[in-house]
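Beneath this line is the structure, given in structure tokens, with notes to follow.
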Amino acid sequence: MESNFVDYVKICCRSGKGGRGSMHLKHVKYNPNGGPDGGDGGDGGSVFLRGNHNYWTLLHLKYQRHVFAQHGGNGGRDKCHGTKGKDEYIDVPCGTVVYDAETGKFVCDVSYDGQVVCLLKGGRGGLGNFQFRSATNQAPRFAQPGEPMQEMTIILELKLLADVGLVGFPNAGKSTLLSSLSSARPKIANYPFTTLEPSLGIVGYHDKQSFVMADIPGIIEGASEGKGLGLRFLRHIERNSLLLFMVPGDTEDIKHEYEVLLNELGKFNPEMLDKHRVLAVTKCDLLDEELIDMLRDTLPDGVQTVFISSVTGQGLEELKNVLWAELNSESNKLQTIMAEDTLVHRDKDMARFAKELAEEGEDGAIEVETDGQDDIEWLDDFEYEDEEP
């Protein structure tokens with residue numbers, strides 16, 4: 001059965017070209033010397049990206065391979081203005097990152113509901129000959145063509161926005177914990193790689209407060225080399241402010257498993273090592289108090305550890321208290337998502353661009369100007385092919 005979770009799509013986008021201006025000289029019996037009356041061409045439609053919290057995957061765009069805005073209408077006689085081309089809006093879930101498919105460069109980031117980003121500007125309509133009349137040129141016989149359209153193939157990559165990300169080997173109890181703390185119902189079974197797609201759950205806390213927890217498929221040693229499910233889903237915890245490492249209590253060496261997981265995260269994105277971390281030792285219903293006390297001496301240093309059991313509920317309240325305290329600590333405040341955080345696309349099919357971007361020394365910054373509209377970001381990375389005449 002085909003998965004409903006889609007976090008990667010490629011779309012060809014094209015804005016509308018501007019309509020050409022009209023070159024017309026008015027000559028009627030009641031006004032034989034009417035002069036120029038050619039109207040201006042209409043502007044072409046633009047292509048916009050719009051954040052929409054009603055979507056949580058890119059499934060609705062999976063089979064939409066082309067998004068073309070409407071061309072502007074041509075000008076007419078009697079100073080008739082051409083019609084403006086219809087704009088096209090692409091609704092995407094919050095946390096969607098956009099890259100140019102041809103160069104691999106970062107284009108923009110849609111991170112909150114209602115955010116509108118102009119991806120491709122429509123071409124401006126050309127001026128009619130009426131606009132070029134003057135005392136020395138009372139009958140201009142020329143008009144402007146419209147500006148050309150812009151075209152770009154983009155890659156949309158979804159990175160889930162959550163507060164806490166679960167990291168662990170397969171069968172570490174991540175899905176069970178998520179189902180115990182929230183109303184999410186991920187698939188749970190006693191075999192590896194039960195979870196094949198990320199899941200989100202809202203964890204309730206005291207005084208009607210809550211935080212969002214993200215569960216991703218388990219990773220194994222060598223995932224950075226493509227073993228298991230690889231590192232494909234790690235992008236979904238790149239933006240989490242807190243990582244919850246989960247290691248089963250019946251593991252031979254808890255510290256070693258924790259270090260392996262940490263090493264795989266570092267290979268994927270070294271910046272993830274700077275995030276706050278909490279360690280949860282799971283399946284403690286299989287352990288007695290004496291064994292738990294012995295395990296405390298073998299735990300990794302520098303990370304807060306909680307012993308839990310999602311089946312019996314042992315330690316879950318303590319875990320929520322620890323997570324809430326870490327999320328609201330002054331040193332762990334959520335930071336504004338910057339373009340530099342998502343400059344390099346880390347999927348296998350985009351890896352070839354990483355070296356090129358590093359050699360060029362690109363910093364991923366984009367120019368944004370409001371153009372008189374506070375709620376729209378205008379990207380000026382792509383210039384028109386031709387200058388206006």
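Labels used: A, B, ... for chains in the order of the structure tokens, numbers from 1 for residues in each chain, and numbers from 1 for ligands as shown.
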
Fill in: Distance query Gly168 of chain A at most 7 Å, only C-alpha atoms, self and fewer than 4 positions along chain excluded, as a PyMOL selection string
chain A and resi 172+218-219+245-247+261

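Restricting the calculation to only C-alpha atoms, the smallest distance between Asn328 of chain A and any of A:Leu262, A:Val6, A:Val311, A:Leu242 is found for A:Leu242.
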
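The coordinates place atom CA of Leu327 of chain A at 17.1 Å from atom CA of Leu160 of chain A.
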
Item to complete: For Leu316 of chain A, list every protein, DNA or RNA residue within 9 Å, evaluated using only C-alpha atoms, and leave out those in the same chain fewer than 2 positions away; present the list as a ChimeraX atom specification.
Response: /A:177,180-181,306-310,313-314,318-321

For the residues in that selection, give me all heavy atoms as an mmCIF file, in the first residue's frame.
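Written output follows (result11.cif):
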data_model
loop_
_atom_site.group_PDB
_atom_site.id
_atom_site.type_symbol
_atom_site.label_atom_id
_atom_site.label_comp_id
_atom_site.auth_asym_id
_atom_site.auth_seq_id
_atom_site.Cartn_x
_atom_site.Cartn_y
_atom_site.Cartn_z
ATOM 1 N N LEU A 177 6.167 4.949 23.313
ATOM 2 C CA LEU A 177 6.186 6.139 24.164
ATOM 3 C C LEU A 177 5.273 7.218 23.599
ATOM 4 O O LEU A 177 4.508 7.852 24.351
ATOM 5 C CB LEU A 177 7.612 6.678 24.284
ATOM 6 C CG LEU A 177 7.773 7.969 25.068
ATOM 7 C CD1 LEU A 177 7.381 7.770 26.534
ATOM 8 C CD2 LEU A 177 9.192 8.517 24.968
ATOM 9 N N SER A 180 1.764 6.481 24.318
ATOM 10 C CA SER A 180 1.434 6.571 25.742
ATOM 11 C C SER A 180 1.281 8.015 26.207
ATOM 12 O O SER A 180 0.460 8.315 27.080
ATOM 13 C CB SER A 180 2.526 5.884 26.581
ATOM 14 O OG SER A 180 2.636 4.514 26.260
ATOM 15 N N LEU A 181 2.061 8.924 25.617
ATOM 16 C CA LEU A 181 2.042 10.316 26.053
ATOM 17 C C LEU A 181 1.058 11.171 25.266
ATOM 18 O O LEU A 181 0.727 12.272 25.706
ATOM 19 C CB LEU A 181 3.442 10.916 25.936
ATOM 20 C CG LEU A 181 4.533 10.319 26.829
ATOM 21 C CD1 LEU A 181 5.851 11.043 26.602
ATOM 22 C CD2 LEU A 181 4.132 10.404 28.301
ATOM 23 N N VAL A 306 16.481 9.446 32.447
ATOM 24 C CA VAL A 306 15.241 9.056 33.121
ATOM 25 C C VAL A 306 14.955 7.602 32.771
ATOM 26 O O VAL A 306 15.031 7.220 31.596
ATOM 27 C CB VAL A 306 14.062 9.950 32.695
ATOM 28 C CG1 VAL A 306 12.790 9.554 33.444
ATOM 29 C CG2 VAL A 306 14.378 11.424 32.924
ATOM 30 N N PHE A 307 14.639 6.792 33.772
ATOM 31 C CA PHE A 307 14.263 5.395 33.557
ATOM 32 C C PHE A 307 12.742 5.323 33.434
ATOM 33 O O PHE A 307 12.017 5.766 34.331
ATOM 34 C CB PHE A 307 14.750 4.521 34.711
ATOM 35 C CG PHE A 307 16.236 4.331 34.741
ATOM 36 C CD1 PHE A 307 17.068 5.283 35.320
ATOM 37 C CD2 PHE A 307 16.817 3.213 34.160
ATOM 38 C CE1 PHE A 307 18.442 5.116 35.342
ATOM 39 C CE2 PHE A 307 18.196 3.035 34.174
ATOM 40 C CZ PHE A 307 19.015 3.993 34.762
ATOM 41 N N ILE A 308 12.253 4.759 32.324
ATOM 42 C CA ILE A 308 10.812 4.765 32.055
ATOM 43 C C ILE A 308 10.336 3.400 31.585
ATOM 44 O O ILE A 308 11.136 2.547 31.169
ATOM 45 C CB ILE A 308 10.440 5.815 30.988
ATOM 46 C CG1 ILE A 308 11.049 5.428 29.637
ATOM 47 C CG2 ILE A 308 10.847 7.214 31.400
ATOM 48 C CD1 ILE A 308 10.547 6.271 28.471
ATOM 49 N N SER A 309 9.048 3.220 31.629
ATOM 50 C CA SER A 309 8.376 2.079 31.018
ATOM 51 C C SER A 309 7.058 2.580 30.449
ATOM 52 O O SER A 309 6.174 3.017 31.191
ATOM 53 C CB SER A 309 8.127 0.960 32.038
ATOM 54 O OG SER A 309 7.295 -0.046 31.473
ATOM 55 N N SER A 310 6.925 2.542 29.137
ATOM 56 C CA SER A 310 5.710 3.042 28.498
ATOM 57 C C SER A 310 4.525 2.114 28.746
ATOM 58 O O SER A 310 3.369 2.535 28.651
ATOM 59 C CB SER A 310 5.941 3.188 26.986
ATOM 60 O OG SER A 310 7.002 4.074 26.720
ATOM 61 N N GLY A 313 3.802 2.750 32.704
ATOM 62 C CA GLY A 313 3.726 4.167 33.057
ATOM 63 C C GLY A 313 4.814 4.623 33.996
ATOM 64 O O GLY A 313 4.819 5.784 34.431
ATOM 65 N N GLN A 314 5.751 3.763 34.307
ATOM 66 C CA GLN A 314 6.835 4.110 35.220
ATOM 67 C C GLN A 314 7.690 5.239 34.650
ATOM 68 O O GLN A 314 8.186 5.161 33.534
ATOM 69 C CB GLN A 314 7.710 2.879 35.473
ATOM 70 C CG GLN A 314 8.958 3.155 36.303
ATOM 71 C CD GLN A 314 9.857 1.939 36.382
ATOM 72 O OE1 GLN A 314 9.435 0.818 36.054
ATOM 73 N NE2 GLN A 314 11.081 2.113 36.828
ATOM 74 N N GLU A 318 7.794 11.902 35.372
ATOM 75 C CA GLU A 318 9.126 12.493 35.569
ATOM 76 C C GLU A 318 9.727 12.901 34.234
ATOM 77 O O GLU A 318 10.350 13.961 34.114
ATOM 78 C CB GLU A 318 10.036 11.488 36.273
ATOM 79 C CG GLU A 318 11.445 12.014 36.501
ATOM 80 C CD GLU A 318 12.384 10.962 37.076
ATOM 81 O OE1 GLU A 318 11.918 9.846 37.363
ATOM 82 O OE2 GLU A 318 13.593 11.279 37.203
ATOM 83 N N LEU A 319 9.528 12.054 33.196
ATOM 84 C CA LEU A 319 10.058 12.376 31.872
ATOM 85 C C LEU A 319 9.427 13.647 31.330
ATOM 86 O O LEU A 319 10.125 14.518 30.782
ATOM 87 C CB LEU A 319 9.814 11.208 30.922
ATOM 88 C CG LEU A 319 10.264 11.423 29.474
ATOM 89 C CD1 LEU A 319 11.776 11.615 29.398
ATOM 90 C CD2 LEU A 319 9.832 10.258 28.584
ATOM 91 N N LYS A 320 8.121 13.789 31.469
ATOM 92 C CA LYS A 320 7.457 15.003 30.975
ATOM 93 C C LYS A 320 7.952 16.237 31.715
ATOM 94 O O LYS A 320 8.126 17.305 31.114
ATOM 95 C CB LYS A 320 5.938 14.866 31.114
ATOM 96 C CG LYS A 320 5.329 13.883 30.127
ATOM 97 C CD LYS A 320 3.839 14.098 29.942
ATOM 98 C CE LYS A 320 3.055 13.784 31.186
ATOM 99 N NZ LYS A 320 1.592 13.883 30.947
ATOM 100 N N ASN A 321 8.184 16.113 33.011
ATOM 101 C CA ASN A 321 8.709 17.247 33.778
ATOM 102 C C ASN A 321 10.097 17.645 33.298
ATOM 103 O O ASN A 321 10.411 18.843 33.173
ATOM 104 C CB ASN A 321 8.750 16.905 35.269
ATOM 105 C CG ASN A 321 7.365 16.752 35.870
ATOM 106 O OD1 ASN A 321 6.393 17.314 35.368
ATOM 107 N ND2 ASN A 321 7.263 15.979 36.939
#

Worksheet item: Among segment 96-268 of chain A, which residues carry a DSSP assignment of strand (DSSP E), reported as number ranges by chain?
Response: A: 96-100, 106-110, 116-120, 151-158, 164-168, 199-204, 210-215, 242-248

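Counting from atom CA of Asp253 of chain A, the distance to atom CA of Gly201 of chain A is 29.5 Å.
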
Practice prompt. Name the closest residue to Asn74 of chain A among the candidates A:Leu25, A:Cys94, A:Ala143, A:Val9; distances are taken between atoms, counting only C-alpha atoms.
Written response: A:Ala143

Item to complete: Enumerate as a VMD selection string all residues of segment 58-272 of chain A assigned to alpha helix (DSSP H) by DSSP on the backbone, naming them with the chain letters and numbers the document uses.
Response: chain A and resid 174 to 181 254 to 268

Keeping only N, CA and C atoms, take the residues you just selected and write them out as a PDB file, in the first residue's frame.
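Output below, filename selection-v3.pdb:
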ATOM      1  N   LYS A 174      10.112   3.882  20.801  1.00  0.00           N
ATOM      2  CA  LYS A 174       9.762   5.263  20.470  1.00  0.00           C
ATOM      3  C   LYS A 174       8.270   5.402  20.173  1.00  0.00           C
ATOM      4  N   SER A 175       7.748   4.534  19.330  1.00  0.00           N
ATOM      5  CA  SER A 175       6.326   4.604  18.982  1.00  0.00           C
ATOM      6  C   SER A 175       5.443   4.310  20.186  1.00  0.00           C
ATOM      7  N   THR A 176       5.871   3.370  21.036  1.00  0.00           N
ATOM      8  CA  THR A 176       5.099   3.059  22.233  1.00  0.00           C
ATOM      9  C   THR A 176       5.037   4.254  23.174  1.00  0.00           C
ATOM     10  N   LEU A 177       6.167   4.949  23.313  1.00  0.00           N
ATOM     11  CA  LEU A 177       6.186   6.139  24.164  1.00  0.00           C
ATOM     12  C   LEU A 177       5.273   7.218  23.599  1.00  0.00           C
ATOM     13  N   LEU A 178       5.318   7.436  22.295  1.00  0.00           N
ATOM     14  CA  LEU A 178       4.477   8.462  21.680  1.00  0.00           C
ATOM     15  C   LEU A 178       2.999   8.145  21.875  1.00  0.00           C
ATOM     16  N   SER A 179       2.636   6.885  21.740  1.00  0.00           N
ATOM     17  CA  SER A 179       1.234   6.498  21.931  1.00  0.00           C
ATOM     18  C   SER A 179       0.812   6.605  23.390  1.00  0.00           C
ATOM     19  N   SER A 180       1.764   6.481  24.318  1.00  0.00           N
ATOM     20  CA  SER A 180       1.434   6.571  25.742  1.00  0.00           C
ATOM     21  C   SER A 180       1.281   8.015  26.207  1.00  0.00           C
ATOM     22  N   LEU A 181       2.061   8.924  25.617  1.00  0.00           N
ATOM     23  CA  LEU A 181       2.042  10.316  26.053  1.00  0.00           C
ATOM     24  C   LEU A 181       1.058  11.171  25.266  1.00  0.00           C
ATOM     25  N   ILE A 254      24.557   0.559  27.384  1.00  0.00           N
ATOM     26  CA  ILE A 254      23.729   1.739  27.110  1.00  0.00           C
ATOM     27  C   ILE A 254      24.584   2.894  26.608  1.00  0.00           C
ATOM     28  N   LYS A 255      25.726   3.097  27.226  1.00  0.00           N
ATOM     29  CA  LYS A 255      26.595   4.206  26.839  1.00  0.00           C
ATOM     30  C   LYS A 255      27.069   4.058  25.399  1.00  0.00           C
ATOM     31  N   HIS A 256      27.405   2.833  24.986  1.00  0.00           N
ATOM     32  CA  HIS A 256      27.885   2.613  23.614  1.00  0.00           C
ATOM     33  C   HIS A 256      26.777   2.911  22.606  1.00  0.00           C
ATOM     34  N   GLU A 257      25.559   2.452  22.864  1.00  0.00           N
ATOM     35  CA  GLU A 257      24.449   2.713  21.937  1.00  0.00           C
ATOM     36  C   GLU A 257      24.177   4.202  21.834  1.00  0.00           C
ATOM     37  N   TYR A 258      24.239   4.894  22.953  1.00  0.00           N
ATOM     38  CA  TYR A 258      24.022   6.337  22.945  1.00  0.00           C
ATOM     39  C   TYR A 258      25.086   7.032  22.086  1.00  0.00           C
ATOM     40  N   GLU A 259      26.343   6.621  22.231  1.00  0.00           N
ATOM     41  CA  GLU A 259      27.425   7.247  21.463  1.00  0.00           C
ATOM     42  C   GLU A 259      27.310   6.929  19.972  1.00  0.00           C
ATOM     43  N   VAL A 260      26.824   5.722  19.638  1.00  0.00           N
ATOM     44  CA  VAL A 260      26.626   5.376  18.230  1.00  0.00           C
ATOM     45  C   VAL A 260      25.564   6.279  17.612  1.00  0.00           C
ATOM     46  N   LEU A 261      24.452   6.448  18.315  1.00  0.00           N
ATOM     47  CA  LEU A 261      23.388   7.331  17.817  1.00  0.00           C
ATOM     48  C   LEU A 261      23.897   8.755  17.659  1.00  0.00           C
ATOM     49  N   LEU A 262      24.659   9.223  18.633  1.00  0.00           N
ATOM     50  CA  LEU A 262      25.197  10.582  18.586  1.00  0.00           C
ATOM     51  C   LEU A 262      26.146  10.739  17.400  1.00  0.00           C
ATOM     52  N   ASN A 263      26.918   9.715  17.127  1.00  0.00           N
ATOM     53  CA  ASN A 263      27.866   9.750  16.014  1.00  0.00           C
ATOM     54  C   ASN A 263      27.145   9.820  14.673  1.00  0.00           C
ATOM     55  N   GLU A 264      26.044   9.073  14.531  1.00  0.00           N
ATOM     56  CA  GLU A 264      25.292   9.104  13.282  1.00  0.00           C
ATOM     57  C   GLU A 264      24.648  10.470  13.053  1.00  0.00           C
ATOM     58  N   LEU A 265      24.171  11.093  14.136  1.00  0.00           N
ATOM     59  CA  LEU A 265      23.613  12.440  14.004  1.00  0.00           C
ATOM     60  C   LEU A 265      24.680  13.425  13.573  1.00  0.00           C
ATOM     61  N   GLY A 266      25.868  13.295  14.142  1.00  0.00           N
ATOM     62  CA  GLY A 266      26.955  14.196  13.778  1.00  0.00           C
ATOM     63  C   GLY A 266      27.365  14.059  12.327  1.00  0.00           C
ATOM     64  N   LYS A 267      27.320  12.842  11.784  1.00  0.00           N
ATOM     65  CA  LYS A 267      27.653  12.651  10.369  1.00  0.00           C
ATOM     66  C   LYS A 267      26.596  13.265   9.469  1.00  0.00           C
ATOM     67  N   PHE A 268      25.352  13.245   9.923  1.00  0.00           N
ATOM     68  CA  PHE A 268      24.268  13.813   9.119  1.00  0.00           C
ATOM     69  C   PHE A 268      24.313  15.335   9.135  1.00  0.00           C
TER      70      PHE A 268
END

Item to complete: Report the distance between atom CA of Glu252 of chain A and atom CA of Ile216 of chain A in Å, rounded to one decimal place.
Response: 23.5 Å

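Shortest atom-to-atom contact with Asp250 of chain A among A:Asp215, A:Asp274, A:Asp288, A:Asp113: A:Asp288, counting only C-alpha atoms.
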
Item to complete: Give me the residues within 6 Å of His81 of chain A as a list in words, counting only C-alpha atoms and dropping any in the same chain fewer than 5 places off.
Response: Gly39, Asp40, Gly41 and Gly75 of chain A
